[in-house]
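Structure file data.txt (compact mmCIF, C-alpha atoms and all ligand atoms) follows.
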# COMPACT_ATOMS: atom_id res chain seq x y z
CA MET A 1 4.93 -4.90 -2.51
CA THR A 2 4.88 -5.13 -6.28
CA VAL A 3 5.16 -2.17 -8.64
CA LEU A 4 4.04 -2.66 -12.25
CA LYS A 5 4.65 -0.49 -15.30
CA THR A 6 2.31 -0.61 -18.29
CA GLU A 7 2.59 1.33 -21.53
CA ARG A 8 1.30 4.56 -19.96
CA LEU A 9 0.87 3.87 -16.25
CA THR A 10 2.68 3.01 -13.06
CA LEU A 11 0.79 0.82 -10.60
CA ARG A 12 2.31 1.15 -7.16
CA PRO A 13 1.04 0.58 -3.62
CA LEU A 14 -0.67 3.54 -1.99
CA HIS A 15 1.09 5.21 0.95
CA PRO A 16 0.00 7.73 3.60
CA GLY A 17 1.42 10.61 1.53
CA ASP A 18 -1.29 9.86 -1.08
CA THR A 19 -4.17 10.55 1.32
CA ARG A 20 -5.23 13.92 -0.10
CA ALA A 21 -4.97 12.93 -3.78
CA TYR A 22 -6.61 9.59 -3.10
CA ALA A 23 -9.53 11.23 -1.25
CA ALA A 24 -10.00 13.71 -4.13
CA MET A 25 -10.38 10.78 -6.54
CA ARG A 26 -12.25 8.21 -4.43
CA TYR A 27 -14.72 10.67 -2.87
CA HIS A 28 -15.30 12.82 -5.94
CA PRO A 29 -19.12 12.80 -6.22
CA GLU A 30 -19.07 11.22 -9.71
CA VAL A 31 -16.92 8.37 -8.39
CA ALA A 32 -18.41 7.98 -4.90
CA LYS A 33 -21.95 7.58 -6.22
CA TRP A 34 -21.03 4.12 -7.57
CA LEU A 35 -19.13 2.90 -4.51
CA SER A 36 -19.69 2.14 -0.83
CA PRO A 37 -20.24 5.34 1.15
CA ALA A 38 -17.33 6.85 3.10
CA GLN A 39 -17.15 5.99 6.79
CA GLY A 40 -16.58 9.48 8.20
CA ALA A 41 -14.93 12.45 6.48
CA PRO A 42 -13.20 11.78 3.12
CA LEU A 43 -9.66 12.31 4.44
CA GLU A 44 -10.26 9.93 7.34
CA ALA A 45 -11.89 7.37 5.07
CA ALA A 46 -9.01 7.66 2.57
CA ARG A 47 -6.44 7.17 5.34
CA ALA A 48 -8.29 4.05 6.54
CA ALA A 49 -8.59 2.64 2.99
CA ILE A 50 -4.86 3.13 2.37
CA GLU A 51 -4.10 1.29 5.62
CA ARG A 52 -6.52 -1.52 4.68
CA TYR A 53 -4.87 -1.93 1.29
CA ALA A 54 -1.40 -2.00 2.89
CA GLN A 55 -2.65 -4.72 5.25
CA SER A 56 -3.90 -6.73 2.28
CA TRP A 57 -0.45 -6.46 0.64
CA ARG A 58 1.16 -7.67 3.88
CA ASP A 59 -1.33 -10.54 4.43
CA ARG A 60 -1.86 -11.79 0.87
CA GLY A 61 0.87 -10.36 -1.34
CA TYR A 62 -1.65 -8.38 -3.36
CA GLY A 63 -4.07 -5.51 -3.04
CA PRO A 64 -5.18 -2.39 -4.87
CA TRP A 65 -2.52 -0.09 -6.34
CA ALA A 66 -2.47 3.64 -7.00
CA ILE A 67 -2.68 4.35 -10.74
CA VAL A 68 -0.10 7.01 -11.57
CA HIS A 69 0.00 8.76 -14.95
CA ASP A 70 2.57 11.46 -15.74
CA GLY A 71 3.42 11.64 -12.04
CA ARG A 72 -0.20 12.20 -10.94
CA LEU A 73 -2.35 9.80 -8.92
CA ILE A 74 -5.39 9.38 -11.17
CA GLY A 75 -7.08 6.38 -9.61
CA HIS A 76 -6.83 2.97 -8.05
CA ALA A 77 -6.97 -0.53 -9.50
CA GLY A 78 -6.00 -3.99 -8.44
CA LEU A 79 -6.98 -7.15 -6.68
CA ASN A 80 -8.96 -7.46 -3.50
CA PHE A 81 -9.89 -10.66 -1.64
CA VAL A 82 -13.58 -10.67 -0.66
CA PRO A 83 -14.22 -13.03 2.29
CA GLU A 84 -18.02 -13.00 1.76
CA PHE A 85 -17.50 -14.80 -1.57
CA GLY A 86 -14.17 -16.52 -0.86
CA GLU A 87 -12.90 -15.11 -4.18
CA THR A 88 -10.70 -12.29 -5.46
CA GLU A 89 -12.17 -9.30 -7.26
CA VAL A 90 -10.54 -6.88 -9.66
CA LEU A 91 -11.49 -3.25 -9.11
CA TRP A 92 -10.83 0.15 -10.63
CA SER A 93 -11.81 3.78 -10.25
CA LEU A 94 -10.47 6.89 -11.93
CA HIS A 95 -10.76 10.58 -11.22
CA PRO A 96 -13.30 11.92 -13.77
CA ASP A 97 -10.50 14.00 -15.36
CA ALA A 98 -8.91 10.71 -16.43
CA TRP A 99 -11.97 8.98 -17.91
CA GLY A 100 -12.13 8.17 -21.61
CA HIS A 101 -8.48 7.28 -22.25
CA GLY A 102 -8.49 3.55 -21.61
CA PHE A 103 -6.57 3.87 -18.35
CA ALA A 104 -8.94 1.63 -16.34
CA THR A 105 -8.75 -1.05 -19.02
CA GLU A 106 -4.95 -0.80 -19.13
CA ALA A 107 -4.65 -1.01 -15.33
CA GLY A 108 -7.26 -3.78 -15.10
CA ARG A 109 -5.39 -5.83 -17.71
CA ALA A 110 -2.17 -5.56 -15.72
CA ALA A 111 -3.99 -6.52 -12.51
CA LEU A 112 -5.58 -9.59 -14.11
CA ASP A 113 -2.30 -10.67 -15.65
CA PHE A 114 -0.58 -10.31 -12.28
CA GLY A 115 -3.36 -12.30 -10.60
CA PHE A 116 -3.47 -15.15 -13.09
CA ARG A 117 0.17 -15.41 -14.20
CA THR A 118 2.16 -14.31 -11.15
CA LEU A 119 -0.17 -15.38 -8.33
CA GLY A 120 -1.90 -18.29 -10.09
CA ILE A 121 -5.39 -17.31 -8.92
CA ALA A 122 -8.04 -19.60 -10.44
CA LEU A 123 -10.89 -17.11 -10.93
CA ILE A 124 -11.25 -13.32 -10.67
CA PHE A 125 -14.59 -11.52 -10.53
CA ALA A 126 -15.84 -7.95 -10.72
CA VAL A 127 -19.09 -6.56 -9.38
CA THR A 128 -20.87 -3.31 -9.92
CA ARG A 129 -24.34 -1.79 -9.89
CA PRO A 130 -26.49 -2.76 -12.89
CA GLY A 131 -26.56 0.90 -13.97
CA ASN A 132 -22.77 1.31 -14.04
CA ARG A 133 -22.32 0.86 -17.79
CA ALA A 134 -18.79 2.35 -17.86
CA SER A 135 -17.45 -0.23 -15.43
CA GLN A 136 -19.25 -3.07 -17.22
CA GLU A 137 -17.68 -1.93 -20.51
CA VAL A 138 -14.25 -2.22 -18.89
CA MET A 139 -15.14 -5.74 -17.68
CA LYS A 140 -16.26 -6.79 -21.16
CA ARG A 141 -13.20 -5.26 -22.85
CA LEU A 142 -11.06 -7.38 -20.53
CA GLY A 143 -12.96 -10.58 -21.35
CA LEU A 144 -15.00 -10.95 -18.16
CA ALA A 145 -18.48 -12.36 -18.75
CA TYR A 146 -21.73 -11.66 -16.93
CA ARG A 147 -22.76 -14.61 -14.74
CA MET A 148 -25.43 -13.51 -12.25
CA ASN A 149 -26.95 -10.85 -10.07
CA VAL A 150 -25.75 -10.79 -6.44
CA VAL A 151 -26.23 -8.68 -3.35
CA TYR A 152 -22.86 -7.26 -2.37
CA ARG A 153 -22.55 -5.15 0.79
CA ASP A 154 -26.34 -4.68 0.73
CA ILE A 155 -26.27 -3.42 -2.88
CA ASP A 156 -27.95 -5.21 -5.82
CA SER A 157 -25.05 -5.87 -8.21
CA VAL A 158 -24.07 -7.68 -11.37
CA TRP A 159 -21.28 -10.26 -11.19
CA PHE A 160 -18.81 -10.77 -14.06
CA ASP A 161 -15.83 -13.13 -13.98
CA ILE A 162 -13.09 -14.86 -15.93
CA ASP A 163 -11.02 -17.91 -15.05
CA ARG A 164 -7.31 -18.47 -15.46
CA LEU A 165 -7.61 -20.78 -18.46
CA ASN A 166 -9.71 -18.29 -20.41
CA TRP A 167 -7.37 -15.45 -19.50
CA LEU A 168 -4.29 -17.34 -20.66
CA GLU A 169 -6.06 -18.33 -23.90
CA GLN A 170 -7.16 -14.80 -24.72
CA SER A 171 -3.84 -13.14 -23.74
CA PRO A 172 -1.08 -15.67 -24.48
C1 LIG A 201 -15.42 2.71 -14.28
C2 LIG A 201 -14.40 3.72 -14.81
C3 LIG A 201 -13.05 3.48 -14.16
C4 LIG A 201 -14.28 3.53 -16.32
O1 LIG A 201 -13.48 4.56 -16.85
P1 LIG A 201 -13.36 4.75 -18.44
O2 LIG A 201 -12.50 5.90 -18.68
O3 LIG A 201 -14.72 4.71 -19.06
O4 LIG A 201 -12.70 3.37 -18.85
P2 LIG A 201 -11.33 3.16 -19.59
O5 LIG A 201 -10.25 3.79 -18.81
O6 LIG A 201 -11.17 1.74 -19.92
O7 LIG A 201 -11.54 4.02 -20.91
C5 LIG A 201 -12.44 3.57 -21.90
C6 LIG A 201 -12.83 4.73 -22.74
O8 LIG A 201 -11.65 5.35 -23.23
C7 LIG A 201 -11.65 5.34 -24.66
N1 LIG A 201 -10.25 5.21 -25.07
C8 LIG A 201 -9.49 6.23 -25.48
N2 LIG A 201 -8.24 5.81 -25.70
C9 LIG A 201 -8.22 4.49 -25.40
C10 LIG A 201 -7.20 3.51 -25.40
N3 LIG A 201 -5.95 3.80 -25.76
N4 LIG A 201 -7.51 2.25 -25.01
C11 LIG A 201 -8.76 1.92 -24.66
N5 LIG A 201 -9.77 2.83 -24.61
C12 LIG A 201 -9.50 4.11 -24.98
C13 LIG A 201 -12.59 4.22 -25.03
O9 LIG A 201 -13.12 4.40 -26.32
C14 LIG A 201 -13.64 4.37 -23.97
O10 LIG A 201 -14.45 5.46 -24.25
P3 LIG A 201 -16.06 5.39 -24.19
O11 LIG A 201 -16.38 5.35 -22.72
O12 LIG A 201 -16.48 6.65 -24.83
O13 LIG A 201 -16.47 4.15 -24.90
C15 LIG A 201 -14.87 5.18 -14.52
O14 LIG A 201 -16.08 5.40 -15.17
C16 LIG A 201 -15.02 5.46 -13.03
O15 LIG A 201 -14.03 5.69 -12.34
N6 LIG A 201 -16.28 5.46 -12.55
C17 LIG A 201 -16.58 5.78 -11.16
C18 LIG A 201 -16.09 4.72 -10.19
C19 LIG A 201 -16.55 3.35 -10.60
O16 LIG A 201 -17.65 3.16 -11.07
N7 LIG A 201 -15.69 2.36 -10.37
C20 LIG A 201 -16.01 0.99 -10.66
C21 LIG A 201 -16.82 0.45 -9.59
S1 LIG A 201 -17.23 -1.24 -9.93

As structure tokens - that is how I would like this structure written.
Ligand SMILES: CC(C)(COP(=O)(O)OP(=O)(O)OC[C@H]1O[C@@H](n2cnc3c(N)ncnc32)[C@H](O)[C@@H]1OP(=O)(O)O)[C@@H](O)C(=O)NCCC(=O)NCCS
Amino acid sequence: MTVLKTERLTLRPLHPGDTRAYAAMRYHPEVAKWLSPAQGAPLEAARAAIERYAQSWRDRGYGPWAIVHDGRLIGHAGLNFVPEFGETEVLWSLHPDAWGHGFATEAGRAALDFGFRTLGIALIFAVTRPGNRASQEVMKRLGLAYRMNVVYRDIDSVWFDIDRLNWLEQSP
């Protein structure tokens, strides 16, 4: 499983010891309101998500990472294959304490670079609710462009994407 270092962050796979910190981030009300609801109690749901991500790393050689800043788990970001669309998405979430510092953009940039340069993925998309301006700003900062509205896991969503050629041109 790959570990990446950026200017300010470490991106490393999540492990069972992260369950409590991960649940505090992922199921914080200001984060959870934008994401799929937890199946069961937050700690159980966090444990299951960490296992799912580990499975993705084993099966595909990529998956979401923990975002660690100054030794603290502040969020998750990374790549996730979505069978419904047959494509790979880039995702991010941060604990509200860590918003407003560019950490999601920094982690998202590393994830896209890993996907396009190391894995050679042809296209990477991101989806969110139309009202999630903060996430759409991250998408735009990273060069993803709005393409269409889609229904994703029963939720009306906006779809942004970027292909490998455009990524390599904008970040040589
Ligand atoms: C989506 C989410 C990760 C975005 O977080 P964010 O902090 O706004 O995004 P970034 O980390 O890229 O930070 C950008 C902000 O930091 C500021 N900033 C400060 N220092 C910066 C730096 N060095 N580099 C870039 N931006 C910086 C930017 O000006 C911007 O501020 P603004 O929102 O006032 O314009 C966050 O809102 C979140 O976790 N939301 C809940 C979960 C969620 O919606 N996840 C996505 C589901 S699709």

> Do you know which residues are within 8 Å of ligand LIG 201 (chain A) using all atoms listed in the file? Can you write them as a PyMOL selection string?
Replying inline: chain A and resi 26+30-35+75+91-96+98-106+126-129+132-138+141

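Atom pair CA of Asp18 in chain A / CA of Ala111 in chain A: separated by 20.2 Å.
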
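For the choices A:Glu89, A:Asp97, A:Glu169, A:Glu84, the atom-to-atom distance to Tyr152 in chain A is smallest for A:Glu84 when using only C-alpha atoms.
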
> CA of Pro16 in chain A and CA of Ala107 in chain A are how many Å apart?
Replying inline: 21.4 Å

>> as a PyMOL selection string, please: the residues near Gln39 in chain A (cut-off 12 Å, all atoms listed in the file, same-chain neighbours under 5 positions excluded).
In response: chain A and resi 27+32+44-49

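Atom to atom, CA of Asn166 in chain A and CA of Phe116 in chain A stand 10.1 Å apart.
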
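If all atoms listed in the file are the atoms counted, then among A:Ala122, A:Ala21, A:Val150, A:Ile155 the closest residue to Ile50 in chain A is A:Ala21.
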
>> Show me, as a PyMOL selection string, the residues that have an atom within 8 Å of Met1 in chain A when counting all atoms listed in the file, minus same-chain residues fewer than 5 positions from it.
In response: chain A and resi 13+57-58+61-62

Mind dumping the selected residues with C-alpha atoms as a CSV table (one decimal), in the frame of the given file?
chain,number,residue,atom,x,y,z
A,13,PRO,CA,1.0,0.6,-3.6
A,57,TRP,CA,-0.4,-6.5,0.6
A,58,ARG,CA,1.2,-7.7,3.9
A,61,GLY,CA,0.9,-10.4,-1.3
A,62,TYR,CA,-1.6,-8.4,-3.4

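Minimum distance to Met139 in chain A across A:Trp167, A:Val151, A:Val90, A:Met25 (counting all atoms listed in the file) occurs at A:Val90.
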
>> I need the residue nearest Ala54 in chain A from this list: A:Gly71, A:Arg153, A:Gly86, A:His15. Use all atoms listed in the file for the distance.
In response: A:His15

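Closest approach to Arg20 in chain A among A:Glu87, A:Ile74, A:Arg109, A:Thr2: A:Ile74, based on all atoms listed in the file.
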
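The residue that comes closest to Glu7 in chain A, out of A:Val68, A:Arg117, A:Asp163, A:Pro83 and on the basis of only C-alpha atoms, is A:Val68.
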
Enclose the full set of atoms of range 54-63 of chain A listed in the file within a box whose edges lie along x, y and z, apply 6 Å of padding to each of the six sides, and report centre and edge lengths in Å to one decimal as lines of an AutoDock Vina configuration file.
center_x = -1.5
center_y = -6.9
center_z = 0.9
size_x = 17.2
size_y = 21.8
size_z = 20.6
